[in-house]
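First up is the structure itself, then whatever we jot down about it.
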Amino acid sequence: MKKFLFLSLSLIIFLTGCSFQSNQPQLDKLEQIKQRGKLIVGVKFDSKPFGFVDENNQVQGFDIDVAKEIARNLLGDSNAIEFKQVTSSNRIFMLTSDAVDIVIATMTINPKRLEVVDFSQPYYVAGQAIMIPENSDIRGIKDLNNKKVIIVLGSTSEKNIRMMAPDAVIQGFRTYNDAFSALKAGRGNALTTDDSILYGFLDTDKTFKILPQRYTKEPYGIAIKKGTETETLRMTIDEILYNMEKKGTFKQIKNKWVK
Amino acid sequence: MYNVDFSVVLQAKELLLQGLMITLKVSLMSSILAFVLGVFVTYLRDLPNNFYKIITNIYVEVARNVPLLIQLYLIYKVYPHFGLTFSPINCGIIALSLYTGAYISEVLRSGMNSIVMQQKQAAYALGLNYFQTFFMITFPQAIRIVIPALGSQFINLIKNSSLVSFIAVVDVFYVIYKGAADDFRIYEFFLVGALIYMILSGFVALITNILEKKLKVYGREVRV
C-alpha cells in the first residue's frame, strides 16, 4: 500500500512538474538560437546518403548540407551548427524535449506527425520501396505476405505494408543499420523503407536489389517544435528553403548526393 | 501543453496482450532454464573436482560480467557466422537463461556456503554419494535460505526480458516502444508499460513471499 501511495505521488509530481515547465513564458526560438550563436540540428547518422558518418568521422549528407545552408542564412556561418544523432523512433522526442532546435532527418510530413510537431515546406520527395537479396523471388508488395519484412520502428513504412500485405510478418528495429544488418544476416526476406535510404545501402553492398515500384510519395520536411515561440523560426526556414529552391542550391545538393 | 490521453493505449490493447504473451513465454522459459542451469552449476561447483570448478567459474564470471544486451547481440548476430542460427525469440531465451543462470548459481552458492560442513561429512559417513548428498541433504536446506534472493533474480529476469525487443521480438516493450514512436504518446505508453512490468514482477514477489513463509526453517530465519 505504502509503495502504491509513493508511486502515485511521484507520478503526480512528475506529471504536474512537466506542466509547470511549459507554463513558463518561452523565449522566441529564433532569438534563442541567435543568442546561443549556433543551431542544434537533429540528423541521422546511419542513413546514407542523407545523414551518415564518413571515413573521417564527419557527419555528411543531403540533410547535413541543407542544415548548413540554413545555418549560413540564419547565423551567417555554415559551421555554427551542432549535429545530434536522432533515429526514426526518437526524433520527435528529441524535438519536444528541446534537445534539438530542428530535425532534418528524412522525415516524412504526415497528418499524424503534424498533430505533434510543425513542418517546413517539403524539401525532397522520396517513395517507399522494397529491397531484397538479388536471388530473391519477390516481385512486388503482394509477394510479401507470409514473408518476414524488416522495417524501422517509428517510420511510415509499417502502416503501408500492413495495408497492402496484411499477412507479412513485420520485424521492427531501432536503427537502419540494425535493420540492414538483419537483412544481410538473412533474418528477413525484405527490407522496406524510403528509396532514398535504400540507395545508400545499395552503395555499400551490391548483393541486393531494389524493386522498381514505389508505393508512396514521402515528402520530407524539416520538423520544428510546435508552439508560438517557434513560429518565426519556421517562417524563416520556409523562406530560406524557398530561396534555395530559386537559386538552384537544392539542385546542386541533390546532384551531389542522390543519383 | 501535453494532453495525457490513455485512449490510445486502449486502442493498442490487442497488440499489448499479444506482447504480454510473448513476454510471459520468454520469461517463463528462461526462468525454468536459468534455474536448471543455476542448480547444475551449483552442483558442479560443489563437487571436489577442480576442473569443473574452473569451467563453472569461467562461465559464471563471463555471463555475469558481460552486459546482457551484448550477450543478446552476440547470440543474435555472431553465432550465425558459426552456423548456429536461432530464431529471435530463442536467442532471447538463450541469452536470458545464460545470464540469469549465472546469477542464480551465485545466489545458490551463498546458500550452500551457509550449510555447515559437518552435514556433508555425516552424509558421506552414512554412505550417501555426492549426488544424493547434494540433492537430499545440502541443497534443500540451502534453497530455503536463499528464496528471497532467488525471487529477486526472477524479478530481474522479467524486467531484463524487455531487451529482447532490440532483436525484433514483439514483446510488451516492443509494443510500448512502437506505440510511443508511432503515436508520439510517450507518457501514456511508458506509464502503462511500467505498470505492466510492475504487476508481473509484483506477482513473482508475492509468490516468493508465500514460499518464504511456507518453507521457513525454524531457527534459521533471516531476521530483519
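Residues are referred to by chain and number: the chain letter is A, B, ... according to the order shown in the C-alpha cells, the number counts from 1 in that chain, and ligands are numbered separately from 1 in the order shown.
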
*asked:* I'd like the neighbourhood of Asp77 in chain A as a ChimeraX atom specification, where a residue qualifies if any of its atoms comes within 10 Å (using only C-alpha atoms), though same-chain residues fewer than 5 positions away should be ignored.
replied: /A:37-38,68-72

Contacts from chain B to chain A, 12 Å maximum, only C-alpha atoms: show me the residue list as an mmCIF file with C-alpha atoms, in the first residue's frame.
data_model
loop_
_atom_site.group_PDB
_atom_site.id
_atom_site.type_symbol
_atom_site.label_atom_id
_atom_site.label_comp_id
_atom_site.auth_asym_id
_atom_site.auth_seq_id
_atom_site.Cartn_x
_atom_site.Cartn_y
_atom_site.Cartn_z
ATOM 1 C CA MET B 1 0.999 21.639 -23.174
ATOM 2 C CA TYR B 2 0.868 17.897 -23.339
ATOM 3 C CA ASN B 3 -2.566 16.296 -23.148
ATOM 4 C CA VAL B 4 -2.480 12.944 -21.434
ATOM 5 C CA TYR B 73 23.585 -9.301 -29.789
ATOM 6 C CA TYR B 76 21.731 -12.976 -32.438
ATOM 7 C CA LYS B 77 24.394 -11.585 -34.746
ATOM 8 C CA VAL B 78 27.630 -13.508 -34.210
ATOM 9 C CA TYR B 79 26.511 -17.076 -33.608
ATOM 10 C CA PRO B 80 25.011 -17.360 -37.133
ATOM 11 C CA HIS B 81 28.562 -16.960 -38.502
ATOM 12 C CA GLY B 83 26.423 -21.990 -38.100
ATOM 13 C CA THR B 85 21.138 -19.673 -36.148
ATOM 14 C CA PHE B 86 18.282 -19.352 -33.712
ATOM 15 C CA SER B 87 15.006 -17.535 -34.146
ATOM 16 C CA PRO B 88 14.990 -14.131 -32.415
ATOM 17 C CA ILE B 89 12.788 -15.366 -29.609
ATOM 18 C CA VAL B 164 14.603 -8.908 -26.455
ATOM 19 C CA SER B 165 12.651 -6.148 -28.208
ATOM 20 C CA PHE B 166 16.025 -4.981 -29.554
ATOM 21 C CA ILE B 167 16.227 -8.033 -31.786
ATOM 22 C CA ALA B 168 12.698 -7.555 -33.104
ATOM 23 C CA VAL B 169 10.879 -9.883 -30.745
ATOM 24 C CA VAL B 170 7.410 -8.421 -30.385
ATOM 25 C CA ASP B 171 7.180 -8.432 -26.598
ATOM 26 C CA TYR B 174 8.351 -3.613 -28.325
ATOM 27 C CA VAL B 175 4.637 -2.780 -28.462
ATOM 28 C CA ILE B 176 5.067 0.045 -25.973
ATOM 29 C CA TYR B 177 8.065 1.458 -27.775
ATOM 30 C CA LYS B 178 6.329 1.179 -31.128
ATOM 31 C CA GLY B 179 3.230 2.864 -29.750
ATOM 32 C CA ALA B 180 5.301 5.666 -28.288
ATOM 33 C CA ALA B 181 7.250 6.081 -31.523
ATOM 34 C CA ASP B 182 4.275 5.828 -33.898
ATOM 35 C CA ASP B 183 1.702 7.795 -31.942
ATOM 36 C CA PHE B 184 4.128 10.024 -30.002
ATOM 37 C CA ARG B 185 2.232 9.123 -26.845
ATOM 38 C CA ILE B 186 5.332 8.771 -24.740
ATOM 39 C CA TYR B 187 3.886 9.199 -21.262
ATOM 40 C CA GLU B 188 0.858 7.025 -21.800
ATOM 41 C CA LEU B 191 3.499 4.570 -17.873
ATOM 42 C CA ALA B 194 5.843 0.490 -16.171
ATOM 43 C CA LEU B 195 2.571 -0.688 -14.688
ATOM 44 C CA MET B 198 5.301 -3.853 -12.018
ATOM 45 C CA ILE B 199 2.310 -6.181 -11.951
ATOM 46 C CA GLY B 202 4.841 -7.981 -8.164
#

| field | Filtered DSSP result for range 75-205 of chain B, state alpha helix (DSSP H), as a ChimeraX atom specification | value | /B:88-113,117-125,130-132,139-145,147-160,172-183,186-205

Long-range neighbours of Gln141 in chain B as a count of residues only, 10 Å cut-off, only C-alpha atoms, 2 positions minimum in chain
18
